[in-house]
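What follows is entry05.txt (compact mmCIF, C-alpha atoms (C1' of nucleotides)).
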# COMPACT_ATOMS: atom_id res chain seq x y z
CA MET A 1 21.52 -12.14 11.28
CA ASN A 2 22.06 -9.15 9.00
CA SER A 3 19.07 -7.35 10.42
CA VAL A 4 19.48 -3.77 11.52
CA LYS A 5 19.43 -4.86 15.15
CA ASP A 6 22.41 -7.11 14.56
CA PHE A 7 24.54 -4.08 13.78
CA ARG A 8 23.92 -2.51 17.12
CA LEU A 9 26.85 -3.97 18.98
CA GLN A 10 29.26 -3.51 16.10
CA ILE A 11 28.29 0.10 15.79
CA ALA A 12 28.51 0.73 19.52
CA GLU A 13 32.02 -0.71 19.55
CA ASN A 14 33.40 0.81 16.38
CA PHE A 15 31.88 4.24 16.54
CA ALA A 16 32.15 4.85 20.27
CA PRO A 17 34.10 8.10 19.92
CA ILE A 18 31.32 9.82 17.99
CA LEU A 19 28.29 8.37 19.78
CA VAL A 20 26.56 10.80 22.09
CA GLU A 21 24.00 9.34 24.43
CA LYS A 22 20.97 11.47 25.17
CA TYR A 23 17.81 11.01 27.16
CA PHE A 24 14.42 12.11 25.89
CA GLN A 25 11.18 12.28 27.78
CA LYS A 26 7.93 10.81 26.64
CA GLY A 27 6.25 13.30 24.32
CA GLU A 28 9.44 15.25 23.68
CA THR A 29 10.15 16.48 20.15
CA ILE A 30 13.57 15.36 19.01
CA HIS A 31 13.50 16.91 15.59
CA SER A 32 11.14 19.38 13.94
CA ALA A 33 10.21 19.56 10.28
CA ASP A 34 11.62 22.28 8.00
CA ARG A 35 15.01 22.05 9.65
CA VAL A 36 17.96 19.93 8.65
CA CYS A 37 18.26 16.83 10.78
CA PRO A 38 21.96 16.01 10.99
CA TYR A 39 21.44 13.05 13.32
CA LEU A 40 20.86 9.39 13.07
CA PHE A 41 19.30 8.05 16.26
CA LEU A 42 20.00 4.59 17.63
CA VAL A 43 17.49 3.64 20.28
CA ASN A 44 19.09 1.95 23.26
CA GLU A 45 15.88 1.98 25.25
CA GLY A 46 12.45 3.37 24.45
CA VAL A 47 10.41 4.21 21.37
CA LEU A 48 10.74 7.01 18.81
CA ARG A 49 8.38 7.93 15.99
CA ALA A 50 8.98 9.82 12.73
CA PHE A 51 5.92 11.47 11.22
CA TYR A 52 4.82 14.19 8.87
CA PHE A 53 1.71 16.05 7.90
CA LYS A 54 -0.10 15.40 4.66
CA ASP A 55 -3.33 17.25 3.97
CA GLY A 56 -3.39 18.20 7.63
CA LYS A 57 -3.20 14.59 8.77
CA ASP A 58 -0.46 13.21 10.98
CA ILE A 59 1.17 10.30 9.16
CA THR A 60 3.59 7.94 10.86
CA ALA A 61 6.54 7.18 8.61
CA HIS A 62 8.52 4.99 10.97
CA PHE A 63 8.73 3.61 14.49
CA ALA A 64 12.02 2.76 16.17
CA PHE A 65 11.85 0.47 19.17
CA THR A 66 14.71 -0.56 21.40
CA GLY A 67 17.65 -1.65 19.25
CA GLU A 68 16.42 0.05 16.11
CA ALA A 69 17.46 3.16 14.18
CA ILE A 70 15.60 6.24 13.02
CA THR A 71 16.27 9.57 11.35
CA ALA A 72 14.64 12.00 8.94
CA PRO A 73 16.14 10.25 5.93
CA ASP A 74 15.40 12.96 3.39
CA SER A 75 17.33 15.37 5.53
CA PHE A 76 20.10 13.19 6.92
CA ILE A 77 21.04 11.90 3.50
CA LEU A 78 20.50 14.98 1.36
CA GLU A 79 21.21 17.57 4.06
CA LYS A 80 18.04 19.42 3.21
CA PRO A 81 15.29 20.68 5.51
CA SER A 82 13.15 17.74 6.48
CA LYS A 83 9.45 17.15 6.15
CA TYR A 84 9.58 14.77 9.09
CA HIS A 85 9.20 15.37 12.78
CA ILE A 86 10.65 12.91 15.28
CA GLU A 87 9.28 12.47 18.77
CA ALA A 88 9.75 10.16 21.75
CA LEU A 89 6.72 8.03 22.57
CA GLU A 90 8.34 6.81 25.79
CA ASP A 91 11.17 7.98 27.97
CA SER A 92 14.10 6.98 25.79
CA ARG A 93 17.85 6.55 25.89
CA VAL A 94 19.35 7.19 22.47
CA PHE A 95 22.71 7.31 20.72
CA CYS A 96 22.85 10.37 18.48
CA VAL A 97 25.19 10.14 15.49
CA ASN A 98 25.98 13.44 13.86
CA ASN A 99 26.27 13.26 10.10
CA ALA A 100 29.34 15.48 9.81
CA ASP A 101 31.02 13.65 12.69
CA LEU A 102 30.28 10.40 10.95
CA GLU A 103 31.74 11.54 7.64
CA ASN A 104 34.87 12.84 9.33
CA TYR A 105 35.24 9.72 11.37
CA LEU A 106 34.88 7.60 8.26
CA ASP A 107 37.50 9.71 6.50
CA ASP A 108 39.86 8.99 9.36
CA ASN A 109 38.85 5.34 9.60
CA PRO A 110 38.14 4.18 6.08
CA HIS A 111 38.03 0.56 7.19
CA LEU A 112 34.65 1.40 8.76
CA GLU A 113 33.14 2.36 5.41
CA LYS A 114 32.26 -1.21 4.68
CA LEU A 115 30.39 -1.64 7.96
CA THR A 116 28.52 1.58 7.31
CA ARG A 117 27.58 0.47 3.83
CA LYS A 118 26.39 -2.90 5.12
CA PHE A 119 24.26 -1.12 7.67
CA THR A 120 22.73 1.02 4.94
CA GLN A 121 22.00 -2.12 2.97
CA ALA A 122 20.33 -3.69 5.99
CA ILE A 123 17.94 -0.80 6.40
CA TYR A 124 17.32 -0.96 2.67
CA LEU A 125 16.17 -4.56 3.01
CA GLU A 126 13.89 -3.56 5.86
CA LEU A 127 12.20 -1.00 3.64
CA LEU A 128 11.83 -3.61 0.96
CA GLU A 129 9.93 -5.83 3.36
CA ARG A 130 7.68 -2.99 4.27
CA ILE A 131 6.87 -2.40 0.62
CA GLU A 132 6.00 -6.02 0.21
CA SER A 133 3.73 -5.97 3.17
CA LEU A 134 1.98 -2.93 1.72
CA VAL A 135 1.61 -4.45 -1.71
CA PHE A 136 0.41 -7.81 -0.52
CA LEU A 137 -0.96 -8.04 2.87
CA SER A 138 -4.41 -6.98 3.95
CA ALA A 139 -4.70 -4.31 6.61
CA LYS A 140 -5.30 -7.03 9.17
CA GLU A 141 -2.21 -9.00 8.22
CA ARG A 142 -0.04 -5.89 8.28
CA TYR A 143 -1.28 -5.08 11.74
CA GLU A 144 -0.55 -8.57 13.00
CA LEU A 145 2.93 -8.47 11.51
CA LEU A 146 3.70 -5.19 13.22
CA LEU A 147 2.38 -6.52 16.52
CA LYS A 148 4.53 -9.61 16.18
CA ARG A 149 7.54 -7.41 15.67
CA ASN A 150 6.79 -5.50 18.81
CA ARG A 151 4.51 -6.87 21.45
CA ASN A 152 4.65 -3.67 23.43
CA LEU A 153 3.42 -1.59 20.53
CA LEU A 154 0.06 -1.01 22.11
CA LEU A 155 1.53 0.19 25.35
CA SER A 156 3.34 3.15 23.88
CA VAL A 157 1.70 3.93 20.57
CA ASN A 158 -1.82 5.10 20.06
CA LEU A 159 -4.10 3.69 17.43
CA GLY A 160 -4.12 6.64 15.07
CA HIS A 161 -0.34 6.49 14.79
CA ILE A 162 -0.36 2.79 14.08
CA ALA A 163 -3.15 3.16 11.54
CA SER A 164 -1.36 5.84 9.54
CA TYR A 165 1.80 3.72 9.52
CA LEU A 166 -0.21 0.85 8.08
CA GLY A 167 -1.83 3.10 5.52
CA ILE A 168 -5.37 2.73 6.86
CA THR A 169 -7.78 4.80 8.92
CA GLN A 170 -8.06 4.61 12.64
CA GLU A 171 -11.64 3.34 12.39
CA THR A 172 -10.60 0.46 10.19
CA LEU A 173 -7.85 -0.49 12.60
CA SER A 174 -10.24 -0.32 15.49
CA ARG A 175 -12.59 -2.71 13.70
CA ILE A 176 -9.77 -5.07 12.83
CA ARG A 177 -8.81 -5.18 16.44
CA ALA A 178 -12.37 -5.85 17.55
CA LYS A 179 -12.14 -8.91 15.27
CA MET B 1 20.59 15.65 -8.33
CA ASN B 2 21.11 12.83 -5.90
CA SER B 3 18.76 10.53 -7.71
CA VAL B 4 19.92 7.09 -8.70
CA LYS B 5 20.20 8.20 -12.31
CA ASP B 6 22.63 10.94 -11.33
CA PHE B 7 25.14 8.32 -10.24
CA ARG B 8 25.28 6.70 -13.60
CA LEU B 9 28.15 8.67 -15.04
CA GLN B 10 30.16 8.60 -11.86
CA ILE B 11 29.80 4.86 -11.64
CA ALA B 12 30.64 4.34 -15.30
CA GLU B 13 33.83 6.37 -14.84
CA ASN B 14 34.99 5.07 -11.50
CA PHE B 15 34.12 1.43 -11.84
CA ALA B 16 35.02 0.94 -15.49
CA PRO B 17 37.46 -1.93 -14.82
CA ILE B 18 34.76 -4.14 -13.30
CA LEU B 19 31.82 -3.21 -15.51
CA VAL B 20 30.87 -5.87 -18.01
CA GLU B 21 28.45 -4.86 -20.72
CA LYS B 22 25.97 -7.48 -21.84
CA TYR B 23 23.08 -7.56 -24.26
CA PHE B 24 19.79 -9.25 -23.47
CA GLN B 25 16.92 -9.96 -25.80
CA LYS B 26 13.33 -9.09 -25.15
CA GLY B 27 11.82 -11.87 -23.03
CA GLU B 28 15.18 -13.23 -21.93
CA THR B 29 15.60 -14.35 -18.33
CA ILE B 30 18.58 -12.66 -16.74
CA HIS B 31 18.32 -14.25 -13.34
CA SER B 32 16.21 -17.12 -11.99
CA ALA B 33 14.82 -17.48 -8.50
CA ASP B 34 16.34 -19.95 -6.00
CA ARG B 35 19.83 -19.10 -7.17
CA VAL B 36 22.21 -16.52 -5.79
CA CYS B 37 22.26 -13.38 -7.90
CA PRO B 38 25.74 -11.93 -7.61
CA TYR B 39 25.05 -9.09 -10.02
CA LEU B 40 23.81 -5.57 -9.92
CA PHE B 41 22.49 -4.50 -13.32
CA LEU B 42 22.76 -0.96 -14.61
CA VAL B 43 20.53 -0.44 -17.60
CA ASN B 44 22.21 1.54 -20.34
CA GLU B 45 19.37 0.97 -22.76
CA GLY B 46 16.15 -1.00 -22.41
CA VAL B 47 13.86 -2.22 -19.65
CA LEU B 48 14.32 -4.93 -17.03
CA ARG B 49 11.79 -6.31 -14.56
CA ALA B 50 12.26 -8.09 -11.23
CA PHE B 51 9.36 -10.27 -10.12
CA TYR B 52 8.43 -13.18 -7.93
CA PHE B 53 5.60 -15.57 -7.35
CA LYS B 54 3.28 -15.29 -4.42
CA ASP B 55 0.37 -17.69 -4.16
CA GLY B 56 0.98 -18.59 -7.77
CA LYS B 57 0.69 -15.00 -8.94
CA ASP B 58 3.41 -13.12 -10.76
CA ILE B 59 4.24 -9.99 -8.78
CA THR B 60 6.43 -7.22 -10.15
CA ALA B 61 8.85 -5.97 -7.51
CA HIS B 62 10.71 -3.45 -9.61
CA PHE B 63 11.18 -2.01 -13.07
CA ALA B 64 14.45 -0.57 -14.30
CA PHE B 65 14.30 1.69 -17.32
CA THR B 66 17.23 3.24 -19.15
CA GLY B 67 19.60 4.79 -16.63
CA GLU B 68 18.27 2.86 -13.66
CA ALA B 69 19.55 -0.04 -11.56
CA ILE B 70 18.12 -3.41 -10.64
CA THR B 71 19.12 -6.59 -8.85
CA ALA B 72 17.63 -9.30 -6.66
CA PRO B 73 18.38 -7.35 -3.50
CA ASP B 74 17.77 -10.16 -1.03
CA SER B 75 20.36 -12.17 -2.86
CA PHE B 76 22.88 -9.54 -3.88
CA ILE B 77 23.09 -8.13 -0.36
CA LEU B 78 22.80 -11.29 1.72
CA GLU B 79 24.32 -13.68 -0.82
CA LYS B 80 21.43 -16.08 -0.41
CA PRO B 81 19.29 -17.76 -3.05
CA SER B 82 16.83 -15.23 -4.34
CA LYS B 83 13.09 -15.29 -4.54
CA TYR B 84 13.20 -12.89 -7.48
CA HIS B 85 13.46 -13.51 -11.17
CA ILE B 86 14.79 -10.82 -13.48
CA GLU B 87 13.87 -10.57 -17.15
CA ALA B 88 14.32 -8.19 -20.05
CA LEU B 89 11.12 -6.61 -21.32
CA GLU B 90 12.91 -5.09 -24.29
CA ASP B 91 16.19 -5.73 -26.03
CA SER B 92 18.59 -4.26 -23.47
CA ARG B 93 22.18 -3.17 -23.06
CA VAL B 94 23.26 -3.58 -19.47
CA PHE B 95 26.32 -3.13 -17.26
CA CYS B 96 26.68 -6.13 -14.97
CA VAL B 97 28.48 -5.54 -11.68
CA ASN B 98 29.61 -8.68 -9.92
CA ASN B 99 29.34 -8.49 -6.15
CA ALA B 100 32.68 -10.16 -5.42
CA ASP B 101 34.40 -8.02 -8.04
CA LEU B 102 32.86 -4.98 -6.46
CA GLU B 103 34.02 -5.89 -2.96
CA ASN B 104 37.54 -6.61 -4.18
CA TYR B 105 37.65 -3.43 -6.18
CA LEU B 106 36.49 -1.46 -3.19
CA ASP B 107 39.14 -3.11 -1.03
CA ASP B 108 41.73 -1.96 -3.54
CA ASN B 109 40.17 1.46 -3.98
CA PRO B 110 38.76 2.43 -0.59
CA HIS B 111 38.16 5.99 -1.74
CA LEU B 112 35.26 4.60 -3.78
CA GLU B 113 33.47 3.35 -0.66
CA LYS B 114 31.89 6.72 -0.11
CA LEU B 115 30.46 6.86 -3.62
CA THR B 116 29.11 3.35 -3.20
CA ARG B 117 27.50 4.25 0.09
CA LYS B 118 25.93 7.38 -1.39
CA PHE B 119 24.54 5.29 -4.19
CA THR B 120 23.03 2.88 -1.68
CA GLN B 121 21.49 5.82 0.13
CA ALA B 122 20.03 7.12 -3.11
CA ILE B 123 18.26 3.85 -3.82
CA TYR B 124 17.09 3.87 -0.21
CA LEU B 125 15.39 7.21 -0.77
CA GLU B 126 13.74 5.85 -3.88
CA LEU B 127 12.23 3.02 -1.89
CA LEU B 128 11.03 5.49 0.67
CA GLU B 129 9.14 7.37 -1.99
CA ARG B 130 7.56 4.19 -3.18
CA ILE B 131 6.37 3.42 0.34
CA GLU B 132 4.82 6.83 0.57
CA SER B 133 3.03 6.42 -2.67
CA LEU B 134 1.65 3.10 -1.45
CA VAL B 135 0.54 4.49 1.89
CA PHE B 136 -1.05 7.59 0.49
CA LEU B 137 -1.96 7.60 -3.05
CA SER B 138 -4.99 5.95 -4.59
CA ALA B 139 -4.42 3.30 -7.22
CA LYS B 140 -5.14 5.90 -9.88
CA GLU B 141 -2.62 8.39 -8.53
CA ARG B 142 0.06 5.73 -8.25
CA TYR B 143 -0.52 4.74 -11.84
CA GLU B 144 -0.26 8.31 -13.03
CA LEU B 145 2.95 8.81 -11.08
CA LEU B 146 4.51 5.74 -12.62
CA LEU B 147 3.45 6.86 -16.08
CA LYS B 148 4.97 10.26 -15.48
CA ARG B 149 8.23 8.62 -14.54
CA ASN B 150 8.25 6.65 -17.73
CA ARG B 151 6.16 7.62 -20.66
CA ASN B 152 7.15 4.51 -22.56
CA LEU B 153 5.91 2.23 -19.83
CA LEU B 154 2.95 1.11 -21.87
CA LEU B 155 5.06 0.21 -24.85
CA SER B 156 7.13 -2.42 -23.13
CA VAL B 157 5.21 -3.52 -20.07
CA ASN B 158 1.89 -5.29 -20.04
CA LEU B 159 -0.95 -4.34 -17.78
CA GLY B 160 -0.76 -7.25 -15.38
CA HIS B 161 2.87 -6.45 -14.59
CA ILE B 162 2.10 -2.82 -13.93
CA ALA B 163 -0.92 -3.70 -11.81
CA SER B 164 1.03 -6.05 -9.53
CA TYR B 165 3.73 -3.41 -9.12
CA LEU B 166 1.06 -0.96 -8.01
CA GLY B 167 -0.47 -3.49 -5.66
CA ILE B 168 -3.80 -3.75 -7.49
CA THR B 169 -5.49 -6.18 -9.84
CA GLN B 170 -5.29 -6.00 -13.56
CA GLU B 171 -9.04 -5.40 -13.83
CA THR B 172 -8.85 -2.41 -11.54
CA LEU B 173 -5.99 -0.93 -13.54
CA SER B 174 -7.88 -1.48 -16.75
CA ARG B 175 -10.86 0.41 -15.32
CA ILE B 176 -8.66 3.22 -14.10
CA ARG B 177 -7.24 3.55 -17.53
CA ALA B 178 -10.67 3.62 -19.14
CA LYS B 179 -11.30 6.65 -16.88
C1' DT C 1 -5.21 -13.68 -44.62
C1' DG C 2 -7.06 -16.60 -41.15
C1' DG C 3 -6.55 -18.96 -37.01
C1' DC C 4 -4.37 -19.25 -32.48
C1' DT C 5 -2.66 -17.25 -28.41
C1' DT C 6 -2.12 -13.68 -25.27
C1' DT C 7 -3.60 -9.45 -23.36
C1' DT C 8 -7.08 -6.21 -22.15
C1' DT C 9 -11.70 -4.85 -21.23
C1' DT C 10 -16.32 -5.26 -19.47
C1' DG C 11 -20.19 -6.90 -16.47
C1' DA C 12 -22.31 -8.36 -12.21
C1' DC C 13 -21.57 -9.00 -7.75
C1' DT C 14 -18.86 -9.17 -3.13
C1' DT C 15 -15.64 -7.60 0.12
C1' DT C 16 -12.80 -4.24 2.08
C1' DT C 17 -11.88 0.17 3.48
C1' DG C 18 -13.15 5.11 3.99
C1' DT C 19 -16.14 8.98 5.78
C1' DC C 20 -18.72 11.42 8.96
C1' DA C 21 -20.94 11.68 13.19
C1' DA C 22 -21.64 10.46 17.70
C1' DA C 23 -21.04 7.85 21.82
C1' DG C 24 -18.06 5.55 25.18
C1' DA C 25 -13.86 4.84 27.67
C1' DC C 26 -9.55 6.43 29.57
C1' DT C 27 -6.46 10.03 31.59
C1' DT C 28 -5.22 13.94 33.72
C1' DT C 29 -6.04 17.85 36.26
C1' DT C 30 -8.08 20.45 39.65
C1' DA D 1 -14.63 12.75 42.44
C1' DA D 2 -16.10 15.92 38.69
C1' DA D 3 -14.68 18.16 34.59
C1' DA D 4 -11.97 18.48 30.57
C1' DG D 5 -9.44 16.57 27.35
C1' DT D 6 -7.83 12.82 24.54
C1' DC D 7 -8.27 8.37 22.51
C1' DT D 8 -11.05 4.52 20.88
C1' DT D 9 -15.18 2.31 19.38
C1' DT D 10 -19.51 1.94 16.95
C1' DG D 11 -23.09 2.85 13.41
C1' DA D 12 -24.83 3.95 8.90
C1' DC D 13 -23.67 4.70 4.61
C1' DA D 14 -20.41 5.59 0.43
C1' DA D 15 -16.51 4.67 -2.30
C1' DA D 16 -12.79 1.80 -3.80
C1' DA D 17 -11.02 -2.36 -5.05
C1' DG D 18 -11.38 -7.50 -5.58
C1' DT D 19 -13.39 -11.82 -7.79
C1' DC D 20 -15.03 -14.63 -11.31
C1' DA D 21 -16.53 -15.18 -15.86
C1' DA D 22 -16.77 -14.02 -20.44
C1' DA D 23 -16.18 -11.08 -24.43
C1' DA D 24 -13.33 -8.13 -27.21
C1' DA D 25 -9.00 -6.62 -28.97
C1' DA D 26 -4.29 -7.07 -30.17
C1' DG D 27 -0.30 -9.64 -31.39
C1' DC D 28 1.88 -13.60 -33.59
C1' DC D 29 2.89 -16.82 -37.15
C1' DA D 30 2.48 -20.15 -40.70

Would you kindly transcribe this structure into structure tokens?
Amino acid sequence: MNSVKDFRLQIAENFAPILVEKYFQKGETIHSADRVCPYLFLVNEGVLRAFYFKDGKDITAHFAFTGEAITAPDSFILEKPSKYHIEALEDSRVFCVNNADLENYLDDNPHLEKLTRKFTQAIYLELLERIESLVFLSAKERYELLLKRNRNLLLSVNLGHIASYLGITQETLSRIRAK
Amino acid sequence: MNSVKDFRLQIAENFAPILVEKYFQKGETIHSADRVCPYLFLVNEGVLRAFYFKDGKDITAHFAFTGEAITAPDSFILEKPSKYHIEALEDSRVFCVNNADLENYLDDNPHLEKLTRKFTQAIYLELLERIESLVFLSAKERYELLLKRNRNLLLSVNLGHIASYLGITQETLSRIRAK
DNA sequence: TGGCTTTTTTGACTTTTGTCAAAGACTTTT
DNA sequence: AAAAGTCTTTGACAAAAGTCAAAAAAGCCA
């Protein structure tokens, strides 16, 4: 309990009036860099990916599978143009939560502040785990952990994207996989 | 703006009734693993370190210098026994925020929920930056970044602690430093 | 000051991961 | 089914970081 996924139902129930469901096609860009991203996306079905370019290379910052959340955090939180792009890796069904709508809704329903804060804390703990895995685990272990978290990873995500998420090169990942 | 340090004054003003200032000596243990840590620590002066043991090795999870915050996040958020220890690396003056006090105070002062949530978001963004530095930067670059953030690092923190925070061995850090 | 402890550095060697280049395997389109 | 494009694997080599052991330096204290 207390994982991000556990908040899904609570959020769906409590924030229904401001949740907008949208459908995105595989390959579709949901958000482009250099623009403000005022949305948090809750994936009801499908896979989204946040990425950015560093030294010309495409780097995956985050995956969101069914039940998980994703946004361009620099932009959603600070309301600044984002360095992240977000795209759909599969046909996806997604709740979009607009930042301004959320703030207004929270102003009108202050009892939901606590839930929102708890949700923020849950995604904080998820990041913390990712840091640990980066500090400690070998490339191979990190790959296995990610696979364990989502068995379908390989169906929708290509190797280069996975490798950059793990902080390694595609060649290294390929060799890991070859055992 | 928007960094964790920027919240310091706001927190000091708005949460004054529940802030308890304590003094810790260099080397003093502030929290031990396997116990619930119900406190968030705001460092007014000094340096604290959160660490844990993995395969018998002491791993630094986080440093908090003057103006920064630290806790055992697994424990503070989930109210479970923590795997982290927290110690003072220098004589330190610290605001201690009790979790239950905080929740009660927020219940009584719901207008402070937003500030609390923004603070949580700010520390989230800090983690995100740390992930990026781990994914991208070489050991040397990460070390230089940390040094830039705190020039006094070397005065209060020994090499092994810094190395484990950066995800490298002490020998490697020593060689980096020797240029 | 001199000895004891802790911390940091160095050396030799191994393992892991990266780089560049090319080949192979899959997909998609026509 | 052939061609074009994309994605993945492999090879040879280079660079980065880890391991183990020991020496040097710094800090502590009696």

What are the residues of chain D that have an atom within 12 Å of an atom of chain A, counting all atoms listed in the file, as a list in words?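 Selected residues: DT6, DC7, DT8, DT9, DT10, DG11 and DG18 of chain D.
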
Output as JSON, numbers by chain the set of chain C residues within 10 Å of chain A, with distances taken over only C-alpha atoms (C1' of nucleotides). {"C": [16, 17, 18, 19]}

So how many Å separate atom CA of A:Phe119 and atom CA of A:Leu106, to one decimal?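 Between atom CA of A:Phe119 and atom CA of A:Leu106 the gap works out to 13.8 Å.
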
Distance in Å - atom C1' of D:DA3 versus atom CA of A:Glu90: 27.1 Å

Got a sec to pull out which chain A residues are within 6 Å of chain B, counting all atoms listed in the file, and send them as a ChimeraX atom specification? /A:117,124,131,135,167

Computed interatomic separation between atom CA of B:Asn150 and atom CA of B:Leu42 (Å): 16.7 Å

So that I can see what lies close to D:DA25, please list as a PyMOL selection string the residues with an atom at most 12 Å from it, counting all atoms listed in the file and leaving out residues fewer than 3 positions away in the same chain. chain C and resi 6-9

Neighbours of B:Lys5 within 9 Å (all atoms listed in the file; same-chain residues fewer than 6 positions away dropped), as a PDB file with C-alpha atoms, in the frame of the given file?
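Output below, filename result_25.pdb:
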ATOM      1  CA  THR B  66      17.230   3.240 -19.150  1.00  0.00           C
ATOM      2  CA  GLY B  67      19.600   4.790 -16.630  1.00  0.00           C
ATOM      3  CA  GLU B  68      18.270   2.860 -13.660  1.00  0.00           C
ATOM      4  CA  ALA B  69      19.550  -0.040 -11.560  1.00  0.00           C
TER       5      ALA B  69
END

Which residue out of C:DT29, C:DT15, C:DT1, C:DT10 has the minimum interatomic distance to D:DA2 when all atoms listed in the file are used?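 So, comparing all the options, the nearest one is C:DT29.
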
Kindly extract all protein, DNA and RNA residues lying within 9 Å of the coordinates (11.7, -4.3, -9.0) given in the file, considering only C-alpha atoms (C1' of nucleotides), and supply them as a PyMOL selection string. chain B and resi 48-51+60-64+70-72+84+86+165

Six-sided padding of 3 Å per side, axis-aligned box over stretch 112-119 of chain A, centre and edges in Å, one decimal, as JSON:
{"center_x": 29.5, "center_y": -0.3, "center_z": 6.3, "size_x": 16.4, "size_y": 11.3, "size_z": 10.9}

May I have the protein, DNA and RNA residues with any atom at most 10 Å from the point (0.3, -10.6, -38.4), counting all atoms listed in the file, written as an MDAnalysis selection string? (chainID C and resid 1:2) or (chainID D and resid 27:29)

Please rebuild stretch 77-90 of chain A with N, CA and C atoms and return the result as a CSV table (one decimal), in the coordinates of the input.
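This went into selection28.csv:
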chain,number,residue,atom,x,y,z
A,77,ILE,N,20.3,12.3,4.7
A,77,ILE,CA,21.0,11.9,3.5
A,77,ILE,C,21.3,13.1,2.6
A,78,LEU,N,20.3,13.9,2.3
A,78,LEU,CA,20.5,15.0,1.4
A,78,LEU,C,20.9,16.3,2.0
A,79,GLU,N,20.9,16.3,3.3
A,79,GLU,CA,21.2,17.6,4.1
A,79,GLU,C,20.3,18.7,3.7
A,80,LYS,N,19.0,18.4,3.5
A,80,LYS,CA,18.0,19.4,3.2
A,80,LYS,C,17.1,19.5,4.4
A,81,PRO,N,16.3,20.6,4.5
A,81,PRO,CA,15.3,20.7,5.5
A,81,PRO,C,14.3,19.5,5.4
A,82,SER,N,13.9,19.0,6.5
A,82,SER,CA,13.2,17.7,6.5
A,82,SER,C,11.7,18.0,6.5
A,83,LYS,N,10.9,17.1,6.0
A,83,LYS,CA,9.4,17.2,6.2
A,83,LYS,C,9.0,16.4,7.4
A,84,TYR,N,9.9,15.6,8.0
A,84,TYR,CA,9.6,14.8,9.1
A,84,TYR,C,9.8,15.5,10.4
A,85,HIS,N,9.0,15.1,11.4
A,85,HIS,CA,9.2,15.4,12.8
A,85,HIS,C,9.6,14.0,13.4
A,86,ILE,N,10.4,14.1,14.5
A,86,ILE,CA,10.6,12.9,15.3
A,86,ILE,C,10.3,13.2,16.7
A,87,GLU,N,9.6,12.3,17.4
A,87,GLU,CA,9.3,12.5,18.8
A,87,GLU,C,9.5,11.2,19.6
A,88,ALA,N,9.6,11.3,20.9
A,88,ALA,CA,9.8,10.2,21.8
A,88,ALA,C,8.4,9.8,22.2
A,89,LEU,N,8.0,8.5,22.1
A,89,LEU,CA,6.7,8.0,22.6
A,89,LEU,C,6.8,7.5,24.0
A,90,GLU,N,8.1,7.3,24.4
A,90,GLU,CA,8.3,6.8,25.8
A,90,GLU,C,9.6,7.5,26.2
